[in-house]
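Visitor: Take a look at data-v9.pdb, PDB, C-alpha atoms:
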ATOM      1  CA  MET A   1      -6.879   0.913  28.814
ATOM      2  CA  THR A   2      -4.435  -0.097  26.099
ATOM      3  CA  ILE A   3      -5.563  -3.004  23.930
ATOM      4  CA  THR A   4      -2.784  -5.091  22.445
ATOM      5  CA  ALA A   5      -3.050  -5.481  18.675
ATOM      6  CA  GLU A   6      -1.392  -8.866  18.504
ATOM      7  CA  HIS A   7      -1.942  -9.742  14.846
ATOM      8  CA  MET A   8      -1.101  -6.361  13.353
ATOM      9  CA  ALA A   9       2.013  -6.038  15.490
ATOM     10  CA  THR A  10       3.275  -9.505  14.541
ATOM     11  CA  GLU A  11       2.461  -9.129  10.873
ATOM     12  CA  LEU A  12       4.001  -5.668  10.691
ATOM     13  CA  ALA A  13       7.261  -6.894  12.209
ATOM     14  CA  SER A  14       7.488  -9.849   9.807
ATOM     15  CA  GLN A  15       7.771  -7.714   6.674
ATOM     16  CA  PRO A  16      11.541  -7.913   6.108
ATOM     17  CA  GLU A  17      11.210 -11.698   6.065
ATOM     18  CA  THR A  18       8.157 -11.824   3.793
ATOM     19  CA  TRP A  19       9.709  -9.339   1.374
ATOM     20  CA  ALA A  20      12.826 -11.468   1.098
ATOM     21  CA  ARG A  21      10.706 -14.550   0.376
ATOM     22  CA  ALA A  22       8.742 -12.727  -2.316
ATOM     23  CA  ILE A  23      11.873 -11.305  -3.937
ATOM     24  CA  ALA A  24      13.252 -14.843  -4.271
ATOM     25  CA  LEU A  25      10.195 -16.091  -6.241
ATOM     26  CA  ARG A  26      11.831 -15.735  -9.653
ATOM     27  CA  ASP A  27       9.715 -18.367 -11.403
ATOM     28  CA  GLU A  28       6.518 -16.687 -10.207
ATOM     29  CA  GLN A  29       7.801 -13.254 -11.241
ATOM     30  CA  ALA A  30       8.281 -14.633 -14.752
ATOM     31  CA  LEU A  31       4.513 -15.183 -14.921
ATOM     32  CA  LEU A  32       3.923 -11.428 -14.880
ATOM     33  CA  PRO A  33       3.535  -9.500 -18.161
ATOM     34  CA  ALA A  34       6.669  -9.187 -20.264
ATOM     35  CA  SER A  35       8.040  -5.793 -21.207
ATOM     36  CA  GLY A  36       6.107  -4.206 -24.042
ATOM     37  CA  ARG A  37       2.710  -5.616 -23.087
ATOM     38  CA  LYS A  38      -0.116  -3.215 -22.279
ATOM     39  CA  VAL A  39      -1.283  -3.864 -18.732
ATOM     40  CA  ALA A  40      -4.087  -2.871 -16.376
ATOM     41  CA  ILE A  41      -3.726  -3.659 -12.680
ATOM     42  CA  VAL A  42      -6.775  -3.527 -10.433
ATOM     43  CA  GLY A  43      -7.544  -3.800  -6.741
ATOM     44  CA  CYS A  44      -9.644  -2.332  -3.947
ATOM     45  CA  GLY A  45      -8.508  -0.160  -1.060
ATOM     46  CA  THR A  46      -4.953  -0.991  -0.093
ATOM     47  CA  SER A  47      -4.499  -3.191  -3.161
ATOM     48  CA  TRP A  48      -5.496  -0.277  -5.393
ATOM     49  CA  PHE A  49      -2.788   1.893  -3.856
ATOM     50  CA  MET A  50      -0.175  -0.826  -4.377
ATOM     51  CA  ALA A  51      -1.432  -1.094  -7.962
ATOM     52  CA  GLN A  52      -0.813   2.635  -8.423
ATOM     53  CA  ALA A  53       2.770   2.239  -7.247
ATOM     54  CA  TYR A  54       3.452  -0.714  -9.552
ATOM     55  CA  ALA A  55       1.863   1.008 -12.550
ATOM     56  CA  ALA A  56       4.064   4.056 -12.072
ATOM     57  CA  LEU A  57       7.192   1.930 -11.693
ATOM     58  CA  ARG A  58       6.469  -0.319 -14.662
ATOM     59  CA  GLU A  59       5.617   2.440 -17.101
ATOM     60  CA  SER A  60       8.340   4.863 -15.990
ATOM     61  CA  GLY A  61      10.817   1.984 -16.237
ATOM     62  CA  GLY A  62      10.043   1.586 -19.927
ATOM     63  CA  HIS A  63       8.195  -1.727 -19.633
ATOM     64  CA  GLY A  64       5.031  -0.568 -21.361
ATOM     65  CA  VAL A  65       1.716   1.186 -20.801
ATOM     66  CA  THR A  66       0.454   0.311 -17.326
ATOM     67  CA  ASP A  67      -2.742   1.678 -15.796
ATOM     68  CA  ALA A  68      -4.021   1.189 -12.242
ATOM     69  CA  PHE A  69      -7.729   1.160 -11.434
ATOM     70  CA  ALA A  70     -10.008   0.679  -8.488
ATOM     71  CA  ALA A  71     -11.800  -2.538  -9.441
ATOM     72  CA  SER A  72     -15.187  -0.823  -9.188
ATOM     73  CA  GLU A  73     -14.105   1.957 -11.587
ATOM     74  CA  ALA A  74     -11.891   0.083 -14.019
ATOM     75  CA  PHE A  75     -11.926   0.953 -17.723
ATOM     76  CA  VAL A  76     -10.480  -2.327 -18.906
ATOM     77  CA  ASN A  77     -11.996  -2.386 -22.410
ATOM     78  CA  ARG A  78      -8.950  -0.642 -23.857
ATOM     79  CA  ASP A  79      -7.156  -3.466 -25.646
ATOM     80  CA  TYR A  80      -5.034  -4.451 -22.674
ATOM     81  CA  ASP A  81      -2.870  -7.497 -23.205
ATOM     82  CA  ASP A  82      -3.122  -8.457 -19.538
ATOM     83  CA  ILE A  83      -5.106  -7.594 -16.431
ATOM     84  CA  ILE A  84      -3.429  -8.118 -13.068
ATOM     85  CA  ALA A  85      -5.919  -8.484 -10.227
ATOM     86  CA  LEU A  86      -4.450  -7.957  -6.759
ATOM     87  CA  THR A  87      -6.423  -9.119  -3.718
ATOM     88  CA  ARG A  88      -5.426 -10.326  -0.270
ATOM     89  CA  SER A  89      -8.609 -12.243   0.501
ATOM     90  CA  GLY A  90      -9.746 -13.319  -2.953
ATOM     91  CA  THR A  91     -13.331 -12.641  -1.859
ATOM     92  CA  THR A  92     -13.727  -8.917  -2.587
ATOM     93  CA  SER A  93     -16.921  -8.525  -4.599
ATOM     94  CA  GLU A  94     -15.729  -5.862  -7.024
ATOM     95  CA  VAL A  95     -12.597  -7.809  -7.952
ATOM     96  CA  LEU A  96     -14.514 -11.039  -8.489
ATOM     97  CA  GLU A  97     -17.109  -9.217 -10.598
ATOM     98  CA  LEU A  98     -14.447  -7.658 -12.819
ATOM     99  CA  VAL A  99     -12.554 -10.917 -13.226
ATOM    100  CA  GLY A 100     -15.773 -12.736 -14.097
ATOM    101  CA  ALA A 101     -16.696 -10.141 -16.704
ATOM    102  CA  GLN A 102     -13.264 -10.294 -18.366
ATOM    103  CA  ARG A 103     -12.770 -14.057 -18.449
ATOM    104  CA  GLY A 104     -12.133 -15.193 -22.011
ATOM    105  CA  LYS A 105     -11.597 -11.626 -23.196
ATOM    106  CA  THR A 106      -8.267 -10.649 -21.651
ATOM    107  CA  ASN A 107      -5.515 -12.673 -20.015
ATOM    108  CA  ILE A 108      -5.996 -12.350 -16.247
ATOM    109  CA  ILE A 109      -3.146 -12.774 -13.777
ATOM    110  CA  GLY A 110      -4.216 -13.003 -10.147
ATOM    111  CA  ILE A 111      -2.094 -12.258  -7.078
ATOM    112  CA  VAL A 112      -3.699 -13.493  -3.858
ATOM    113  CA  GLY A 113      -2.954 -14.241  -0.228
ATOM    114  CA  ASP A 114      -5.769 -16.665   0.612
ATOM    115  CA  THR A 115      -5.381 -19.717  -1.611
ATOM    116  CA  THR A 116      -8.705 -21.190  -0.427
ATOM    117  CA  SER A 117     -10.720 -18.332  -1.925
ATOM    118  CA  PRO A 118     -12.941 -18.566  -5.031
ATOM    119  CA  PHE A 119     -10.608 -16.159  -6.816
ATOM    120  CA  VAL A 120      -8.079 -18.963  -7.285
ATOM    121  CA  ASN A 121     -10.201 -20.658  -9.943
ATOM    122  CA  GLU A 122     -11.299 -17.478 -11.708
ATOM    123  CA  VAL A 123      -7.987 -16.329 -13.215
ATOM    124  CA  ASP A 124      -5.851 -17.605 -16.071
ATOM    125  CA  THR A 125      -2.598 -17.455 -14.115
ATOM    126  CA  LEU A 126      -2.375 -17.521 -10.327
ATOM    127  CA  ILE A 127       0.444 -16.144  -8.197
ATOM    128  CA  ALA A 128      -0.045 -17.140  -4.563
ATOM    129  CA  LEU A 129       1.608 -15.376  -1.619
ATOM    130  CA  PRO A 130       0.052 -17.324   1.293
ATOM    131  CA  PHE A 131       3.043 -16.661   3.556
ATOM    132  CA  ALA A 132       2.108 -12.975   3.480
ATOM    133  CA  ASP A 133      -1.592 -13.434   4.259
ATOM    134  CA  GLU A 134      -2.854 -11.856   7.456
ATOM    135  CA  GLN A 135      -5.356 -12.224  10.268
ATOM    136  CA  SER A 136      -5.636  -8.544  11.097
ATOM    137  CA  VAL A 137      -8.317  -6.603   9.248
ATOM    138  CA  VAL A 138      -5.797  -3.794   8.772
ATOM    139  CA  GLN A 139      -3.375  -4.817   6.020
ATOM    140  CA  THR A 140       0.342  -4.431   6.428
ATOM    141  CA  ARG A 141       2.553  -7.225   5.147
ATOM    142  CA  PHE A 142       0.442  -8.612   2.283
ATOM    143  CA  ALA A 143       0.299  -5.255   0.523
ATOM    144  CA  THR A 144       3.975  -4.441   0.920
ATOM    145  CA  THR A 145       5.079  -7.986   0.118
ATOM    146  CA  ALA A 146       3.035  -7.964  -3.079
ATOM    147  CA  LEU A 147       4.635  -4.680  -4.092
ATOM    148  CA  ALA A 148       8.112  -5.985  -3.238
ATOM    149  CA  PHE A 149       7.353  -8.985  -5.466
ATOM    150  CA  LEU A 150       6.188  -6.710  -8.283
ATOM    151  CA  ARG A 151       9.208  -4.429  -7.940
ATOM    152  CA  ALA A 152      11.570  -7.404  -8.079
ATOM    153  CA  SER A 153       9.852  -8.556 -11.267
ATOM    154  CA  LEU A 154      10.897  -5.265 -12.885
ATOM    155  CA  GLY A 155      14.548  -6.004 -12.160
ATOM    156  CA  GLU A 156      14.983  -3.873  -9.036
ATOM    157  CA  ASP A 157      17.584  -4.836  -6.450
ATOM    158  CA  LEU A 158      15.669  -4.640  -3.171
ATOM    159  CA  THR A 159      18.550  -5.491  -0.845
ATOM    160  CA  LYS A 160      18.509  -1.984   0.620
ATOM    161  CA  ALA A 161      14.711  -1.977   0.858
ATOM    162  CA  VAL A 162      14.733  -5.130   3.020
ATOM    163  CA  ALA A 163      17.491  -3.728   5.242
ATOM    164  CA  ASP A 164      15.564  -0.452   5.527
ATOM    165  CA  ALA A 165      12.429  -2.354   6.515
ATOM    166  CA  GLU A 166      14.341  -3.853   9.423
ATOM    167  CA  ILE A 167      15.289  -0.340  10.494
ATOM    168  CA  ALA A 168      11.688   0.802  10.193
ATOM    169  CA  VAL A 169      10.359  -2.090  12.289
ATOM    170  CA  ALA A 170      12.832  -1.264  15.066
ATOM    171  CA  ASP A 171      12.365   2.506  14.925
ATOM    172  CA  ASP A 172      11.217   4.249  18.107
ATOM    173  CA  LEU A 173       8.684   6.899  17.154
ATOM    174  CA  ASP A 174       8.458   9.818  19.547
ATOM    175  CA  ASP A 175       5.394  10.839  21.536
ATOM    176  CA  ASP A 176       4.931  14.113  19.686
ATOM    177  CA  LEU A 177       4.623  12.221  16.411
ATOM    178  CA  ILE A 178       2.271   9.635  17.885
ATOM    179  CA  ASN A 179       0.039  12.287  19.445
ATOM    180  CA  ALA A 180      -0.076  14.809  16.594
ATOM    181  CA  GLU A 181      -3.429  16.363  15.733
ATOM    182  CA  GLN A 182      -3.365  15.705  11.976
ATOM    183  CA  TYR A 183      -1.217  13.980   9.333
ATOM    184  CA  THR A 184      -0.716  14.652   5.627
ATOM    185  CA  PHE A 185       1.274  12.147   3.557
ATOM    186  CA  LEU A 186       3.005  13.088   0.305
ATOM    187  CA  GLY A 187       4.626  11.139  -2.523
ATOM    188  CA  ARG A 188       6.084  11.555  -5.983
ATOM    189  CA  GLY A 189       5.845   9.112  -8.876
ATOM    190  CA  TRP A 190       5.407   5.599  -7.555
ATOM    191  CA  SER A 191       5.403   6.735  -3.930
ATOM    192  CA  VAL A 192       2.107   8.638  -4.366
ATOM    193  CA  GLY A 193       0.337   5.298  -3.940
ATOM    194  CA  LEU A 194       2.325   4.722  -0.740
ATOM    195  CA  ALA A 195       1.240   8.115   0.597
ATOM    196  CA  HIS A 196      -2.393   7.222  -0.036
ATOM    197  CA  GLU A 197      -1.872   3.882   1.718
ATOM    198  CA  ALA A 198      -0.207   5.506   4.735
ATOM    199  CA  ALA A 199      -3.191   7.810   5.141
ATOM    200  CA  LEU A 200      -5.583   4.881   4.861
ATOM    201  CA  LYS A 201      -3.663   2.906   7.505
ATOM    202  CA  MET A 202      -3.908   5.788   9.953
ATOM    203  CA  ARG A 203      -7.635   6.209   9.346
ATOM    204  CA  GLU A 204      -8.366   2.499   9.622
ATOM    205  CA  ALA A 205      -6.232   1.648  12.626
ATOM    206  CA  SER A 206      -6.468   4.769  14.760
ATOM    207  CA  GLN A 207      -9.456   6.765  13.463
ATOM    208  CA  SER A 208      -7.099   9.658  12.745
ATOM    209  CA  TRP A 209      -7.521  12.732  10.568
ATOM    210  CA  THR A 210      -5.281  12.093   7.582
ATOM    211  CA  GLU A 211      -4.899  13.343   4.026
ATOM    212  CA  SER A 212      -2.618  12.390   1.132
ATOM    213  CA  TYR A 213      -1.488  14.073  -2.083
ATOM    214  CA  PRO A 214       1.139  14.110  -4.807
ATOM    215  CA  ALA A 215       3.856  16.271  -3.313
ATOM    216  CA  MET A 216       3.778  18.916  -6.042
ATOM    217  CA  GLU A 217       0.023  19.341  -5.529
ATOM    218  CA  TYR A 218       0.406  19.996  -1.809
ATOM    219  CA  ARG A 219       1.100  23.690  -2.227
ATOM    220  CA  HIS A 220      -1.967  24.076  -4.463
ATOM    221  CA  GLY A 221      -4.292  24.309  -1.475
ATOM    222  CA  PRO A 222      -3.718  21.395   0.936
ATOM    223  CA  ILE A 223      -0.822  23.130   2.712
ATOM    224  CA  SER A 224      -3.451  25.423   4.199
ATOM    225  CA  ILE A 225      -4.203  22.683   6.748
ATOM    226  CA  ALA A 226      -0.601  22.657   8.043
ATOM    227  CA  ALA A 227      -0.165  24.160  11.524
ATOM    228  CA  PRO A 228       1.692  23.592  14.798
ATOM    229  CA  GLY A 229       0.924  20.169  16.221
ATOM    230  CA  ARG A 230       0.313  18.695  12.766
ATOM    231  CA  VAL A 231       2.561  16.558  10.551
ATOM    232  CA  THR A 232       3.480  16.528   6.868
ATOM    233  CA  TRP A 233       5.229  13.256   5.957
ATOM    234  CA  MET A 234       7.131  12.764   2.698
ATOM    235  CA  PHE A 235       7.758   9.401   0.990
ATOM    236  CA  GLY A 236      10.950   9.607  -1.027
ATOM    237  CA  ALA A 237      12.887  12.708  -2.030
ATOM    238  CA  ALA A 238      10.983  15.922  -1.364
ATOM    239  CA  PRO A 239      10.540  18.588  -4.047
ATOM    240  CA  THR A 240      12.807  21.589  -3.616
ATOM    241  CA  GLY A 241      11.467  24.065  -1.091
ATOM    242  CA  ILE A 242       8.606  22.031   0.307
ATOM    243  CA  GLU A 243      10.281  21.297   3.641
ATOM    244  CA  ALA A 244      10.920  24.990   4.214
ATOM    245  CA  ASP A 245       7.335  25.801   3.269
ATOM    246  CA  VAL A 246       6.004  23.271   5.783
ATOM    247  CA  ASN A 247       8.363  24.454   8.508
ATOM    248  CA  ALA A 248       7.140  28.017   7.969
ATOM    249  CA  THR A 249       3.631  26.923   8.937
ATOM    250  CA  GLY A 250       4.823  25.515  12.268
ATOM    251  CA  ALA A 251       3.918  21.974  11.228
ATOM    252  CA  ARG A 252       6.435  19.145  11.530
ATOM    253  CA  PHE A 253       8.042  17.831   8.344
ATOM    254  CA  VAL A 254       8.972  14.125   8.396
ATOM    255  CA  SER A 255      11.156  12.361   5.844
ATOM    256  CA  SER A 256      14.030   9.894   5.755
ATOM    257  CA  ASP A 257      16.547   8.234   3.461
ATOM    258  CA  LEU A 258      14.789   4.874   3.775
ATOM    259  CA  ASP A 259      13.392   3.158   0.711
ATOM    260  CA  PRO A 260       9.842   4.564   0.383
ATOM    261  CA  LEU A 261       8.312   1.117   0.897
ATOM    262  CA  ALA A 262      10.219   0.817   4.167
ATOM    263  CA  GLU A 263       9.049   4.317   5.048
ATOM    264  CA  LEU A 264       5.510   2.954   4.704
ATOM    265  CA  VAL A 265       6.396   0.421   7.400
ATOM    266  CA  ARG A 266       7.256   3.353   9.697
ATOM    267  CA  ALA A 267       3.840   4.845   8.986
ATOM    268  CA  GLN A 268       2.196   1.483   9.708
ATOM    269  CA  LYS A 269       4.005   1.389  13.035
ATOM    270  CA  LEU A 270       2.793   4.889  13.797
ATOM    271  CA  ALA A 271      -0.781   3.767  13.104
ATOM    272  CA  LEU A 272      -0.346   0.824  15.483
ATOM    273  CA  LEU A 273       1.166   2.914  18.272
ATOM    274  CA  ARG A 274      -1.428   5.641  17.882
ATOM    275  CA  ALA A 275      -4.226   3.077  18.035
ATOM    276  CA  ARG A 276      -2.806   1.647  21.230
ATOM    277  CA  ALA A 277      -2.448   5.127  22.717
ATOM    278  CA  LYS A 278      -6.144   5.704  22.026
ATOM    279  CA  GLY A 279      -7.199   2.323  23.442
ATOM    280  CA  LEU A 280      -8.200   0.964  20.028
ATOM    281  CA  ASN A 281      -7.568  -2.457  18.518
ATOM    282  CA  PRO A 282      -6.537  -2.130  14.857
ATOM    283  CA  ASP A 283      -7.124  -5.848  14.377
ATOM    284  CA  LEU A 284     -10.815  -4.980  14.623
ATOM    285  CA  PRO A 285     -11.239  -1.429  13.280
ATOM    286  CA  ARG A 286     -14.561   0.347  13.454
ATOM    287  CA  ASN A 287     -17.016  -0.378  10.610
ATOM    288  CA  LEU A 288     -14.558  -2.594   8.716
ATOM    289  CA  THR A 289     -14.172  -6.278   7.876
ATOM    290  CA  ARG A 290     -11.304  -8.243   6.348
ATOM    291  CA  SER A 291     -13.012  -8.276   2.938
ATOM    292  CA  VAL A 292     -15.848  -6.260   1.425
ATOM    293  CA  ILE A 293     -18.416  -8.792   0.264
ATOM    294  CA  LEU A 294     -21.509  -7.181  -1.263
ATOM    295  CA  ASP A 295     -24.966  -8.713  -1.547
TER     296      ASP A 295
END
Since I need it in another form, could you write the structure as structure tokens?
Guide:
Amino acid sequence: MTITAEHMATELASQPETWARAIALRDEQALLPASGRKVAIVGCGTSWFMAQAYAALRESGGHGVTDAFAASEAFVNRDYDDIIALTRSGTTSEVLELVGAQRGKTNIIGIVGDTTSPFVNEVDTLIALPFADEQSVVQTRFATTALAFLRASLGEDLTKAVADAEIAVADDLDDDLINAEQYTFLGRGWSVGLAHEAALKMREASQSWTESYPAMEYRHGPISIAAPGRVTWMFGAAPTGIEADVNATGARFVSSDLDPLAELVRAQKLALLRARAKGLNPDLPRNLTRSVILD
């Protein structure tokens, strides 16, 4: 029996609106590190993958050294001018532990969804995105809205990205894609983090077999898993020859001209539809909670 995932479906569909709201927060964007400052950005799970995307965009855009870390594995004693801590719930143990250890040592900028969390009082500068917070355990709009906010702060025009997100929300994904045996997601540069996030969404929501890699690494071994009935999905422009290499295996190659962040919305929708097809509720995924709070 199909179980309706009410929260995830609603939150997923709201992303064009929440992105537009975040893009308009110019005063809040000005609170982020100025160009030339050395920055570490940390998070857990989905937030870590969004951190990877921002770090790649900021540094490649000439704004300064920017490193992304999982909060539990962060090497932040490297003379950073600022630490950005990204967390939807504000209750994740590893993020709170890192922030507590760095208070008074490095300027800490926090980006959070839940403004009632203890995180709010633990950072030097708070950027709140409560309109993007979620009820579903499986994140969709908070992560992408935070990244849209961060991209806008770097001077990007995201008009096309918002329009592409509307296309992604409305897209009808075919049954062969929904029922594939296995999925591998690929990215380049800043979209590598999006590929990792797409794979995580599929695992969380639909208990699916997924992998993710930088696109140029795919042919260094991982392509061996490609076969008929399986999918290789590219975020952004594909490296020359990779589509032909995937097609030669009999696997399906998926890509589009959408902004890669909007392409992530398509992958989120696939995770939702696949979960429903399997009778799962991605609002309550197996073995997961909204926030990891350790004893």
Visitor: I'd like the contact shell of Thr232 (chain A) - 9 Å cut-off, all atoms listed in the file, skipping same-chain residues fewer than 2 positions apart - returned as a list of chain:residue names.
Guide: A:Gln182, A:Tyr183, A:Thr184, A:Phe185, A:Leu186, A:Ile223, A:Ala226, A:Arg230, A:Met234, A:Glu243, A:Val246, A:Ala251, A:Arg252, A:Phe253, A:Val254, A:Ser255
Visitor: Here is a test: counting only C-alpha atoms, which residue of A:Ala262, A:Ala51, A:Ala68, A:Leu273 is nearest to Ala165 (chain A)?
Guide: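 Looking only at the distances to Ala165 (chain A), the closest residue turns out to be A:Ala262.
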Visitor: For region 83-99 of chain A, work out the shell of residues within 8 Å, counting all atoms listed in the file and skipping chain neighbours fewer than 4 positions away, then give it as number ranges by chain.
Guide: A: 39-44, 47-48, 51, 71-72, 76, 103, 106-115, 117-120, 122-123, 133, 142-143, 290-294
Visitor: Would you save the residues from that selection as a tab-separated table (two decimals), keeping the file's coordinate frame, using C-alpha atoms?
Guide:
chain	number	residue	atom	x	y	z
A	39	VAL	CA	-1.28	-3.86	-18.73
A	40	ALA	CA	-4.09	-2.87	-16.38
A	41	ILE	CA	-3.73	-3.66	-12.68
A	42	VAL	CA	-6.78	-3.53	-10.43
A	43	GLY	CA	-7.54	-3.80	-6.74
A	44	CYS	CA	-9.64	-2.33	-3.95
A	47	SER	CA	-4.50	-3.19	-3.16
A	48	TRP	CA	-5.50	-0.28	-5.39
A	51	ALA	CA	-1.43	-1.09	-7.96
A	71	ALA	CA	-11.80	-2.54	-9.44
A	72	SER	CA	-15.19	-0.82	-9.19
A	76	VAL	CA	-10.48	-2.33	-18.91
A	103	ARG	CA	-12.77	-14.06	-18.45
A	106	THR	CA	-8.27	-10.65	-21.65
A	107	ASN	CA	-5.52	-12.67	-20.02
A	108	ILE	CA	-6.00	-12.35	-16.25
A	109	ILE	CA	-3.15	-12.77	-13.78
A	110	GLY	CA	-4.22	-13.00	-10.15
A	111	ILE	CA	-2.09	-12.26	-7.08
A	112	VAL	CA	-3.70	-13.49	-3.86
A	113	GLY	CA	-2.95	-14.24	-0.23
A	114	ASP	CA	-5.77	-16.66	0.61
A	115	THR	CA	-5.38	-19.72	-1.61
A	117	SER	CA	-10.72	-18.33	-1.92
A	118	PRO	CA	-12.94	-18.57	-5.03
A	119	PHE	CA	-10.61	-16.16	-6.82
A	120	VAL	CA	-8.08	-18.96	-7.28
A	122	GLU	CA	-11.30	-17.48	-11.71
A	123	VAL	CA	-7.99	-16.33	-13.22
A	133	ASP	CA	-1.59	-13.43	4.26
A	142	PHE	CA	0.44	-8.61	2.28
A	143	ALA	CA	0.30	-5.26	0.52
A	290	ARG	CA	-11.30	-8.24	6.35
A	291	SER	CA	-13.01	-8.28	2.94
A	292	VAL	CA	-15.85	-6.26	1.42
A	293	ILE	CA	-18.42	-8.79	0.26
A	294	LEU	CA	-21.51	-7.18	-1.26
Visitor: Within 10 Å of Leu158 (chain A), counting only C-alpha atoms, which residues show up once you throw out same-chain ones fewer than 5 positions away? Write them as a PyMOL selection string, please.
Guide: chain A and resi 19-20+23+148-149+151-152+163-164+259
Visitor: Generate the output file for the selected residues, C-alpha atoms, as a PDB file, keeping the file's coordinate frame.
Guide:
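Full text of again_29.pdb as output:
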ATOM      1  CA  TRP A  19       9.709  -9.339   1.374  1.00  0.00           C
ATOM      2  CA  ALA A  20      12.826 -11.468   1.098  1.00  0.00           C
ATOM      3  CA  ILE A  23      11.873 -11.305  -3.937  1.00  0.00           C
ATOM      4  CA  ALA A 148       8.112  -5.985  -3.238  1.00  0.00           C
ATOM      5  CA  PHE A 149       7.353  -8.985  -5.466  1.00  0.00           C
ATOM      6  CA  ARG A 151       9.208  -4.429  -7.940  1.00  0.00           C
ATOM      7  CA  ALA A 152      11.570  -7.404  -8.079  1.00  0.00           C
ATOM      8  CA  ALA A 163      17.491  -3.728   5.242  1.00  0.00           C
ATOM      9  CA  ASP A 164      15.564  -0.452   5.527  1.00  0.00           C
ATOM     10  CA  ASP A 259      13.392   3.158   0.711  1.00  0.00           C
TER      11      ASP A 259
END
Visitor: Just how far from CA of Lys201 (chain A) is CA of Pro16 (chain A), in Å to one decimal?
Guide: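 About the pair CA of Pro16 (chain A) and CA of Lys201 (chain A): they are 18.7 Å apart.
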Visitor: Give me, please, the distance in Å between CA of His63 (chain A) and CA of Gly36 (chain A), quoted to one decimal.
Guide: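 Going from CA of His63 (chain A) over to CA of Gly36 (chain A), I get 5.5 Å.
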Visitor: If I take CA of Phe235 (chain A) and CA of Leu147 (chain A), how far is one from the other in Å, to one decimal?
Guide: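 Atom-to-atom, CA of Phe235 (chain A) to CA of Leu147 (chain A), that is 15.3 Å.
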Visitor: Determine the residue membership of the PyMOL selection byres ((chain A and resi 174) around 12) for the file above and supply it as an MDAnalysis selection string.
Guide: chainID A and resid 171:173 175:180 254 266 269:270 273:274
Visitor: Got a sec: who's within 7 Å of region 31-35 of chain A, counting all atoms listed in the file, leaving out chain neighbours fewer than 2 positions off, as a ChimeraX atom specification?
Guide: /A:28-29,37,63-64,82
Visitor: Show me a table, sorted first by chain and then by increasing residue number, of the residues of region 177-229 of chain A having an atom at most 8 Å from region 276-286 of chain A, each with its shortest atom pair and the distance in Å to one decimal, counting all atoms listed in the file and written as a Markdown table.
Guide:
| residue | atom | partner | partner_atom | distance |
| --- | --- | --- | --- | --- |
| A:Glu204 | CA | A:Pro285 | CA | 6.1 |
| A:Ala205 | CA | A:Pro282 | CA | 4.4 |
| A:Ser206 | CA | A:Leu280 | CA | 6.7 |
Visitor: How big is the axis-aligned box around all listed atoms of region 259-273 of chain A once 5 Å goes on each side, and where's its centre, in Å to one decimal, as lines of an AutoDock Vina configuration file?
Guide:
center_x = 6.3
center_y = 2.7
center_z = 9.3
size_x = 24.2
size_y = 14.5
size_z = 27.9
Visitor: Which of these residues is nearest to Ser191 (chain A), using all atoms listed in the file: A:Phe131, A:Trp233, A:Phe69, A:Tyr80?
Guide: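 Closest candidate: A:Trp233.
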Visitor: Give the answer as one residue: which of A:Ala55, A:Ala237, A:Ala22, A:Ala248 has the shortest atom-to-atom distance to Ala128 (chain A), using all atoms listed in the file?
Guide: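 Nearest to Ala128 (chain A): A:Ala22.
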Visitor: Given the PyMOL selection byres ((chain A and resi 192) around 8) and the file above, list the residues it selects as a ChimeraX atom specification.
Guide: /A:52-53,186-191,193-196,213-215,235
